[in-house]
Structure formats: C-alpha cells, structure tokens
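Engineer: Below are the structure tokens for one structure; questions will follow.
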Amino acid sequence: MTKKRIESFIAPIIMFLLIFTGWEIIVRALKIPKWLLPMPSQIFKSMIVNFPAFWPHILVTIETVLLGFIIAVPIGILLASLITSFKVVNAALSPYVTFLVMVPLISLVPLLMLFMGYGMNVRVVTVIIQSFAVVNMNACTGFNNVPIMRQELMQSLGASRLQSYRRVILPTAASDIFTGVRLAGIFATTGCISAEYVGGNMGLGSQIIKYSQFLKTTESFACIFYVTIVGLMMYWLISFAQKKIISWKI
Amino acid sequence: MENKIFRINRISKSFGSENSDSKVEVIKEISMEILEKEFVVILGNSGCGKSTFLKILGGILPASSGNIEFNGKDYGQEIPRDVLKKFGFVFQNNNLLQWRTTEGNLRFMLEMMHLKGEQWTARIDEMLDIVGLKAYKKEYPHELSGGMRQRVGIARALVHNPDVLILDQPLGALDAITRKMLSYEILNIWKKTQKTVVMVTNNVDEALLLANRIFVLSPVLPTTISHEIQVNIPITARDENIYENQRFNELREMINDIVRSTI
Ligand SMILES: Nc1ncnc2c1ncn2[C@@H]1O[C@H](COP(=O)(O)OP(=O)(O)OP(=O)(O)O)[C@@H](O)[C@H]1O
Ligand SMILES: [Mg+2]
C-alpha cells in the first residue's frame with residue numbers, strides 16, 4: 001500500500017517537472033517572445049512578485065466558488081430527493097434540470113447580468129446554476145439505484161418514509177452523490193471564471209482578460225495558474241470530506 | 001403450541017392497476033392458520049409467489065383482498081407498523097447494510113426499534129453467539145463469506161426478540177454443504193429460541209428437516225395452496241441421521257411426487 005502511495009505522490013511531481021522543463025527549454029530554444037508564450041520560470045516569478053496585486057482577486061474567486069458550491073450542493077441533493085420520491089416533481093422539474101446542464105453557461109451570464117448587474121450576486125448565481133444540476137443528476141442516479149430490498153428492509157421493521165430516507169437511502173446513494181459533488185467542485189470553478197470573464201473587474205477571470213488585452217501574457221498565465229490552484233483545492237477539500245463521510249468504502 | 005398466532009383468511013394479491021393489461025394476479029385466496037411456536041415451511045417453484053406471500057405476512061406489502069389476524073386481532077389487508085416489532089424478517093439475499101459492521105447491523109435494528117440499554121447490547125452478543133459469529137463482530141459484510149452474511153441476517157432478525165421469525169429462502173444462495181450445515185443451525189435456533197417460524201424454501205429435504213407443517217404452493221400464477229402436509233417426524237429424530245428415518249423417506253417420496261406431477 002505504501003509503495004502505491006509513494007507512486008501516486010511522486011508520479012505527478014515528476015510529470016510536472018517534465019512538462020515545465022520541456023516548456024522552458026522549448027521557449028528558450030525557439031526564442032518565443034514573452035507576450036506570446038512566457039517561460040514557466042517567468043510565470044512562477046510573476047505569481048510571487050505580483051502576489052499582492054493578485055491576492056484580492058484570488059480571494060474574490062475563492063469566495064464566489066465556495067459560496068456558490070455550498071449553496072448548490074444541498075439544493076441539488078434536496079431536489080434529487082424530491083424528484084426521485086414524487087412522480088409529479090419529477091415530471092415538472094427534470095426537463096429544466098437537463099436544460100441547465102446542457103445549455104452553455106456563457107450564454108446565460110450576459111442575461112443574468114442584465115437582471116442583476118455586475119456584482120458578486122450574479123457570479124454566485126452563475127456558480128450555483130452551473131454546479132447544482134450535476135449534483136442533482138448524480139444524486140438522482142444514486143437514489144434510483146437504491147435496491148428495492150433496502151426499502152423493504154425498512155418497511156419490515158416499521159420505519160417511516162423519512163427514517164428510511166435518512167438511515168438507508170441516503171447512505172446507499174452516498175457514493176453516487178459524491179461523484180456529483182466532485183464534478184460540482186470543478187463546475188463551480190469553471191462557472192465562476194466564466195462569470196468573471198464576461199463582466200466586472202473582480203476575480204481571477206477578470207484579471208486573465210485584463211492582462212491578455214494588454215498583452216501581459218505572463219501575468220495572465222500567473223492568474224490561470226492560480227485558478228488551477230483554486231480548482232485543486234476544491235478537489236482536495238471534497239476528497240477529504242468524502243473520505244471522512246464514507247469511510248467504510250476504503 | 002395450541003394458540004393460533006396467525007389466522008390468514010383468503011389472501012389474494014395482484015400487481016399493476018385494476019382492469020389493465022399490466023395486471024398480474026400472483027396469489028389467489030390463500031388461507032392458513034399458524035400455531036404459536038410452530039415451524040411452517042412454504043414450498044414452491046421459483047416465481048410462484050413465495051416472496052410475495054411472505055412480504056404480505058411480514059407487513060412489507062398490503063394484500064389486495066382478504067384479511068390477516070395476528071394474536072387475535074384482525075388487521076385487514078396490512079399489518080400495521082407498530083406490530084412489526086414482533087416480527088423478524090430474513091431476506092432472500094442477506095440485505096445487510098454494507099456500511100455497517102456485523103455488530104452495527106444488529107445495532108441498527110435496535111436503534112430503529114428504540115431498544116436501548118445494557119440488556120440489548122448483551123443481546124447482540126448473545127445472538128451472534130447463537131449463529132456462531134461472535135468473533136466477527138467488527139467485520140463488514142464484504143469481509144464475510146456468503147454463509148456468514150446469511151447468518152448475520154438471521155441474527156439481525158432475532159436481536160429485537162420478535163415473536164415471529166419470517167425467513168425467505170435464507171439458504172438459497174449458498175453452496176450445498178454450507179446449506180446443509182446452516183439448516184441444522186436454523187433447527188437449533190428454533191429449538192433454543194422457541195419462536196414461531198415461517199420459512200420459504202425450494203428444497204424438500206430442508207423442509208422436512210425443519211417443518212411441523214409444509215404448505216406446497218401451486219406452480220402456475222395465481223398461486224394457491226395445493227397441499228398441506230403434516231410432518232410427523234419426532235423432534236428427537238431431526239438431526240444428521242434424519243435420512244434413515246422411515247417417515248422422512250415416505251414424506252420425501254410423497255412431496256417429490258407432488259412437485260413432479262405439477263411441473
Ligand atoms: N412489485 C411487483 N410488481 C409486479 N410483479 C411482481 C412484483 N413482485 C413480484 N411480481 C411477480 O410476482 C411473481 C411472484 O414473485 P415472487 O418474488 O413472489 O416469487 P418467488 O416465489 O419468491 O420466486 P423465487 O423462488 O424465484 O424467489 C413473479 O411472476 C413476479 O414477476
Ligand atoms: Mg422469492
């Protein structure tokens with residue numbers, strides 16, 4: 001087991017070094033101009049040197065992603081519970097949830113901004129829309145996959161519907177729900193950046209646009225790297241929560 | 001053994017909505033009386049409606065018509081929730097909660113029935129001891145063999161000290177040797193715990209080893225009771241040597257004939 005641990009830890013680091021060394025060598029050798037493709041060393045330097053300028057935007061992005069995500073996950077799970085428990089709710093809502101998953105979010109953002117302006121609200125709403133649907137769909141799969149015999153067990157001991165839900169259906173569906181939550185973590189980040197792209201001047205997305213308009217490609221890349229770090233943080237956070245909650249699976 | 005614990009009156013069951021093509025009649029007018037502490041076995045072909053019947057008996061499904069009397073009270077077509085504490089149900093495939101240990105699965109039952117305190121905790125150990133799994137308290141279902149899981153299922157159905165134990169082909173998914181071993185174990189559990197037992201099986205030897213009475217269900221839907229057989233083999237003869245018992249062999253021949261003639 002420990003050998004596998006080390007492998008899964010070392011392998012990505014080696015890959016990381018290979019990619020960035022290769023990138024660095026190619027840019028140097030071909031003398032590619034900085035505004036077109038900066039060297040990783042320059043990007044990392046910018047990440048550190050310009051950190052004070054980036055920091056407020058990093059904070060705004062993290063805030064938006066977290067806030068949207070934290071609202072989206074319970075909505076997604078709650079809605080899935082209702083959809084899978086009541087046929088009427090299913091018929092009424094499912095088409096719209098599917099619509100929200102399919103529609104390219106970037107096309108919705110300008111509309112939302114028309115209604116809500118350029119502030120934090122519209123970005124959080126975008127994140128919620130982008131991430132709740134995928135939680136909802138995976139949770140629905142999870143709830144629908146609960147074997148009927150599980151419900152029969154609960155009926156056989158005289159449990160109420162709510163008891164069955166809490167004690168058996170939710171735990172049985174937990175791993176499918178977490179698949180949705182993981183995806184939602186990714187979608188929340190991309191959704192947030194899209195919203196920041198389109199309007200406003202706060203958040204890493206807006207900075208990527210700003211710097212690239214001024215051909216400050218190095219700074220633009222530095223922001224992109226920070227976005228990646230935010231995304232990875234979300235991923236780790238969710239994996240950590242999953243391990244804590246479904247410890248029996250490991 | 002004379003008290004009638006169950007009085008089942010012309011129970012029928014169909015699935016699907018009335019007057020539609022999808023309607024399936026599964027059970028037609030089954031009546032039986034079950035005595036206290038009796039071991040009743042229901043024998044029938046696959047798909048004939050054995051599980052459906054047990055689910056009605058165990059309060060999981062309502063009957064479509066007929067009525068069920070339990071302990072002298074008529075509950076109509078469905079046994080109500082608060083009475084189900086008196087039942088223990090063992091499912092066709094163990095149906096253990098995979099996120100709980102052996103002990104946790106038994107405790108789950110007690111939690112659901114609000115049974116707290118020292119004596120119930122002690123009862124978990126006692127039941128695991130009866131099924132021979134005391135050493136496997138901390139194991140998760142996926143760490144146990146099929147036979148062990150089935151035994152946990154039986155212990156779970158007994159832990160809240162029900163009056164009636166309902167077993168739906170508890171040994172169906174097991175290999176022949178384990179199956180035989182466990183059938184003796186069920187016999188011992190019955191002797192020790194003095195419960196009323198209703199069990200479904202498709203194995204004639206098993207039925208004869210365990211039953212006071214056997215009900216044979218007809219193989220075509222809707223099913224009904226085709227034969228009722230009193231198994232008058234003394235309890236003392238029911239052990240590994242039952243195969244030498246003359247009555248056992250006569251009854252076995254008879255039931256095999258019934259089963260053969262109905263296919
Ligand atoms: N919920 C349901 N809806 C529709 N039909 C059902 C339902 N449950 C059972 N049936 C039908 O009822 C019949 C009897 O099913 P049941 O599970 O009671 O059989 P069984 O005797 O227990 O079979 P086995 O020995 O294979 O377990 C089958 O034809 C099945 O298709
Ligand atoms: Mg069955």
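Just remember, in the structure tokens the first chain shown is A, the second B, etc., residues are 1-based per chain, and ligands are 1-based in the order shown.
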Applying 7 Å and only C-alpha atoms, which residues near Thr64 of chain A remain after dropping the ones on its own chain fewer than 4 positions away? List them as a ChimeraX atom specification.
Structural biologist: /A:60,68,123-124,192
Engineer: Any idea which chain A residues end up within 8 Å of chain B if we count only C-alpha atoms, as a list in words please?
Structural biologist: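 Every residue meeting the condition is included here: Met149, Arg150, Glu152, Leu153, Gln155, Ser156, Leu157, Gly158, Ala159, Val168, Pro171, Trp248 and Lys249 of chain A.
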Engineer: I want to know what sits within 6 Å of Ile34 of chain B, based on only C-alpha atoms, with residues of the same chain fewer than 3 positions away left out; could you give that as an mmCIF file with all heavy atoms, in the first residue's frame?
Structural biologist:
```cif
data_model
loop_
_atom_site.group_PDB
_atom_site.id
_atom_site.type_symbol
_atom_site.label_atom_id
_atom_site.label_comp_id
_atom_site.auth_asym_id
_atom_site.auth_seq_id
_atom_site.Cartn_x
_atom_site.Cartn_y
_atom_site.Cartn_z
ATOM 1 N N LYS B 4 -53.434 -20.068 18.273
ATOM 2 C CA LYS B 4 -53.237 -19.665 16.879
ATOM 3 C C LYS B 4 -52.656 -18.259 16.876
ATOM 4 O O LYS B 4 -53.287 -17.316 17.329
ATOM 5 C CB LYS B 4 -54.572 -19.686 16.141
ATOM 6 C CG LYS B 4 -55.112 -21.087 16.027
ATOM 7 C CD LYS B 4 -56.276 -21.150 15.049
ATOM 8 C CE LYS B 4 -56.684 -22.584 14.815
ATOM 9 N NZ LYS B 4 -57.610 -23.114 15.849
ATOM 10 N N ILE B 5 -51.435 -18.128 16.343
ATOM 11 C CA ILE B 5 -50.811 -16.800 16.326
ATOM 12 C C ILE B 5 -51.225 -16.040 15.070
ATOM 13 O O ILE B 5 -51.465 -14.838 15.117
ATOM 14 C CB ILE B 5 -49.268 -16.909 16.488
ATOM 15 C CG1 ILE B 5 -48.643 -15.526 16.687
ATOM 16 C CG2 ILE B 5 -48.622 -17.603 15.315
ATOM 17 C CD1 ILE B 5 -47.268 -15.587 17.294
ATOM 18 N N PHE B 6 -51.340 -16.769 13.947
ATOM 19 C CA PHE B 6 -51.795 -16.172 12.688
ATOM 20 C C PHE B 6 -53.067 -16.856 12.218
ATOM 21 O O PHE B 6 -53.196 -18.083 12.334
ATOM 22 C CB PHE B 6 -50.754 -16.386 11.577
ATOM 23 C CG PHE B 6 -49.737 -15.306 11.466
ATOM 24 C CD1 PHE B 6 -48.407 -15.564 11.793
ATOM 25 C CD2 PHE B 6 -50.069 -14.042 11.008
ATOM 26 C CE1 PHE B 6 -47.448 -14.575 11.664
ATOM 27 C CE2 PHE B 6 -49.119 -13.054 10.877
ATOM 28 C CZ PHE B 6 -47.802 -13.320 11.209
#
```
Engineer: Calculated over only C-alpha atoms and all ligand atoms, which of the candidates B:Gly153, B:Pro162, B:Pro222, B:Pro234 has the smallest distance to ligand 1?
Structural biologist: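 Of B:Gly153, B:Pro162, B:Pro222, B:Pro234, the one nearest ligand 1 is B:Pro222, counting only C-alpha atoms and all ligand atoms.
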Engineer: Return as a PDB file with N, CA, C and O atoms, in the first residue's frame the residues of protein, DNA or RNA that approach ligand 2 to within 9 Å, with only C-alpha atoms and all ligand atoms taken into account.
Structural biologist:
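Okay, part_14.pdb is ready:
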```
ATOM      1  N   SER B  46     -39.833 -21.615  -8.328  1.00  0.00           N
ATOM      2  CA  SER B  46     -39.358 -20.243  -8.476  1.00  0.00           C
ATOM      3  C   SER B  46     -40.392 -19.396  -9.216  1.00  0.00           C
ATOM      4  O   SER B  46     -40.971 -19.842 -10.208  1.00  0.00           O
ATOM      5  N   GLY B  47     -40.660 -18.226  -8.706  1.00  0.00           N
ATOM      6  CA  GLY B  47     -41.563 -17.286  -9.369  1.00  0.00           C
ATOM      7  C   GLY B  47     -43.026 -17.517  -9.072  1.00  0.00           C
ATOM      8  O   GLY B  47     -43.889 -16.855  -9.645  1.00  0.00           O
ATOM      9  N   CYS B  48     -43.351 -18.473  -8.165  1.00  0.00           N
ATOM     10  CA  CYS B  48     -44.766 -18.773  -7.948  1.00  0.00           C
ATOM     11  C   CYS B  48     -45.416 -17.813  -6.958  1.00  0.00           C
ATOM     12  O   CYS B  48     -46.634 -17.780  -6.821  1.00  0.00           O
ATOM     13  N   GLY B  49     -44.615 -17.014  -6.268  1.00  0.00           N
ATOM     14  CA  GLY B  49     -45.216 -16.011  -5.386  1.00  0.00           C
ATOM     15  C   GLY B  49     -44.900 -16.205  -3.911  1.00  0.00           C
ATOM     16  O   GLY B  49     -45.575 -15.642  -3.058  1.00  0.00           O
ATOM     17  N   LYS B  50     -43.847 -16.979  -3.628  1.00  0.00           N
ATOM     18  CA  LYS B  50     -43.499 -17.248  -2.222  1.00  0.00           C
ATOM     19  C   LYS B  50     -43.074 -15.963  -1.517  1.00  0.00           C
ATOM     20  O   LYS B  50     -43.552 -15.659  -0.425  1.00  0.00           O
ATOM     21  N   SER B  51     -42.178 -15.229  -2.158  1.00  0.00           N
ATOM     22  CA  SER B  51     -41.708 -13.986  -1.523  1.00  0.00           C
ATOM     23  C   SER B  51     -42.862 -13.013  -1.343  1.00  0.00           C
ATOM     24  O   SER B  51     -42.970 -12.349  -0.310  1.00  0.00           O
ATOM     25  N   THR B  52     -43.711 -12.937  -2.349  1.00  0.00           N
ATOM     26  CA  THR B  52     -44.860 -12.034  -2.259  1.00  0.00           C
ATOM     27  C   THR B  52     -45.708 -12.379  -1.051  1.00  0.00           C
ATOM     28  O   THR B  52     -46.106 -11.498  -0.288  1.00  0.00           O
ATOM     29  N   LEU B  54     -44.769 -13.945   1.706  1.00  0.00           N
ATOM     30  CA  LEU B  54     -44.067 -13.600   2.946  1.00  0.00           C
ATOM     31  C   LEU B  54     -44.076 -12.099   3.188  1.00  0.00           C
ATOM     32  O   LEU B  54     -44.171 -11.644   4.323  1.00  0.00           O
ATOM     33  N   PHE B  91     -34.122 -11.821   4.659  1.00  0.00           N
ATOM     34  CA  PHE B  91     -34.347 -11.642   3.232  1.00  0.00           C
ATOM     35  C   PHE B  91     -33.633 -12.691   2.399  1.00  0.00           C
ATOM     36  O   PHE B  91     -32.678 -13.328   2.842  1.00  0.00           O
ATOM     37  N   GLN B  92     -34.122 -12.826   1.161  1.00  0.00           N
ATOM     38  CA  GLN B  92     -33.617 -13.834   0.242  1.00  0.00           C
ATOM     39  C   GLN B  92     -32.104 -13.675   0.015  1.00  0.00           C
ATOM     40  O   GLN B  92     -31.385 -14.655  -0.008  1.00  0.00           O
ATOM     41  N   ASP B 168     -37.151 -15.850   4.166  1.00  0.00           N
ATOM     42  CA  ASP B 168     -37.379 -16.013   2.729  1.00  0.00           C
ATOM     43  C   ASP B 168     -36.165 -16.675   2.087  1.00  0.00           C
ATOM     44  O   ASP B 168     -35.153 -16.031   1.837  1.00  0.00           O
ATOM     45  N   GLN B 169     -36.269 -17.953   1.820  1.00  0.00           N
ATOM     46  CA  GLN B 169     -35.170 -18.736   1.244  1.00  0.00           C
ATOM     47  C   GLN B 169     -33.827 -18.329   1.820  1.00  0.00           C
ATOM     48  O   GLN B 169     -32.933 -17.899   1.085  1.00  0.00           O
ATOM     49  N   VAL B 200     -39.693 -19.941   3.771  1.00  0.00           N
ATOM     50  CA  VAL B 200     -39.877 -20.348   2.380  1.00  0.00           C
ATOM     51  C   VAL B 200     -38.646 -21.097   1.928  1.00  0.00           C
ATOM     52  O   VAL B 200     -37.522 -20.747   2.279  1.00  0.00           O
ATOM     53  N   THR B 201     -38.845 -22.157   1.191  1.00  0.00           N
ATOM     54  CA  THR B 201     -37.696 -22.851   0.604  1.00  0.00           C
ATOM     55  C   THR B 201     -38.132 -23.528  -0.689  1.00  0.00           C
ATOM     56  O   THR B 201     -39.328 -23.631  -0.975  1.00  0.00           O
TER      57      THR B 201
END
```
Engineer: Using DSSP on the backbone, list every residue of segment 16-107 of chain B that comes out as helix (DSSP H, G or I), and give them as a count of residues only.
Structural biologist: 20
Engineer: Tell me, as a list in words, which residues lie within 8 Å of Phe187 of chain A, counting only C-alpha atoms; anything in the same chain fewer than 2 positions away does not count.
Structural biologist: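 Non-adjacent residues within range: Val127, Gln130, Ser131, Leu183, Ala184, Gly185, Thr189, Thr190 and Gly191 of chain A.
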Engineer: Point out the residue among A:Ala72, A:Val134, A:Phe54, A:Met202 with the least atom-to-atom distance to Phe99 of chain A, counting only C-alpha atoms.
Structural biologist: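 Between A:Ala72, A:Val134, A:Phe54, A:Met202, the residue approaching Phe99 of chain A most closely is A:Val134.
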Engineer: When you look at Asp239 of chain B with a cut-off of 10 Å (counting only C-alpha atoms), what residues show up, excluding the ones that are within fewer than 4 positions of it in the same chain? I need them as a VMD selection string.
Structural biologist: chain B and resid 184 187 to 188 209 to 210 235 243
Engineer: Residues of the last selection are to be written out with N, CA, C and O atoms, as a compact mmCIF listing (two decimals), in the first residue's frame.
Structural biologist:
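Written file, part.txt:
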```txt
# COMPACT_ATOMS: atom_id res chain seq x y z
N TYR B 184 -29.22 -27.19 9.80
CA TYR B 184 -29.19 -27.71 11.17
C TYR B 184 -29.12 -26.56 12.16
O TYR B 184 -29.70 -26.62 13.25
N LEU B 187 -32.46 -25.17 12.71
CA LEU B 187 -33.21 -26.06 13.58
C LEU B 187 -32.87 -25.80 15.05
O LEU B 187 -33.75 -25.69 15.91
N ASN B 188 -31.56 -25.65 15.31
CA ASN B 188 -31.13 -25.39 16.68
C ASN B 188 -31.63 -24.04 17.19
O ASN B 188 -32.03 -23.92 18.34
N LEU B 209 -36.72 -31.50 7.30
CA LEU B 209 -35.88 -31.42 8.49
C LEU B 209 -36.49 -30.44 9.49
O LEU B 209 -36.48 -30.67 10.70
N LEU B 210 -37.04 -29.34 8.98
CA LEU B 210 -37.40 -28.22 9.85
C LEU B 210 -38.88 -28.13 10.21
O LEU B 210 -39.22 -27.71 11.30
N ILE B 235 -39.21 -34.69 17.05
CA ILE B 235 -38.13 -33.73 17.12
C ILE B 235 -36.80 -34.41 17.41
O ILE B 235 -35.74 -34.01 16.94
N TYR B 243 -31.99 -38.89 7.56
CA TYR B 243 -32.12 -39.58 6.27
C TYR B 243 -32.43 -41.07 6.44
O TYR B 243 -32.85 -41.73 5.51
```
Engineer: Return the single residue from B:Gly66, B:Gly104, B:Pro219, B:Gly117 that is closest to Ser261 of chain B, with distances computed using only C-alpha atoms.
Structural biologist: B:Pro219
Engineer: Determine the nearest neighbour of ligand 1 from the options B:Asn67, B:Ser183, B:Asn202, B:Asn249, counting only C-alpha atoms and all ligand atoms.
Structural biologist: B:Asn202
Engineer: So which one's closest to Glu2 of chain B, B:Asp125, B:Ser20, B:Leu171, B:Thr196? Using only C-alpha atoms, please.
Structural biologist: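 Looking at the shortest contact to Glu2 of chain B, the residue is B:Thr196.
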Engineer: Which neighbours of segment 25-31 of chain B fall inside 8 Å, counting only C-alpha atoms, when residues of the same chain fewer than 3 positions from it are skipped, and could you give them as an mmCIF file with C-alpha atoms, in the first residue's frame?
Structural biologist:
```cif
data_model
loop_
_atom_site.group_PDB
_atom_site.id
_atom_site.type_symbol
_atom_site.label_atom_id
_atom_site.label_comp_id
_atom_site.auth_asym_id
_atom_site.auth_seq_id
_atom_site.Cartn_x
_atom_site.Cartn_y
_atom_site.Cartn_z
ATOM 1 C CA ARG B 7 -55.128 -16.631 11.008
ATOM 2 C CA ILE B 8 -54.803 -15.827 7.333
ATOM 3 C CA ASN B 9 -58.047 -15.521 5.501
ATOM 4 C CA ARG B 10 -58.391 -15.780 1.730
ATOM 5 C CA ILE B 11 -55.452 -13.524 0.941
ATOM 6 C CA SER B 12 -55.083 -12.518 -2.709
ATOM 7 C CA LYS B 13 -52.527 -10.266 -4.312
ATOM 8 C CA SER B 14 -52.197 -8.756 -7.749
ATOM 9 C CA PHE B 15 -49.702 -6.251 -9.110
ATOM 10 C CA CYS B 48 -44.766 -18.773 -7.948
ATOM 11 C CA GLY B 49 -45.216 -16.011 -5.386
ATOM 12 C CA THR B 52 -44.860 -12.034 -2.259
ATOM 13 C CA PHE B 53 -46.741 -14.092 0.301
ATOM 14 C CA GLY B 66 -58.590 -10.979 2.349
ATOM 15 C CA LEU B 221 -49.928 -17.941 -11.289
ATOM 16 C CA PRO B 222 -52.060 -17.072 -9.484
ATOM 17 C CA THR B 223 -50.729 -19.486 -6.922
ATOM 18 C CA THR B 224 -52.671 -21.060 -4.132
ATOM 19 C CA ILE B 225 -52.042 -23.790 -1.578
#
```
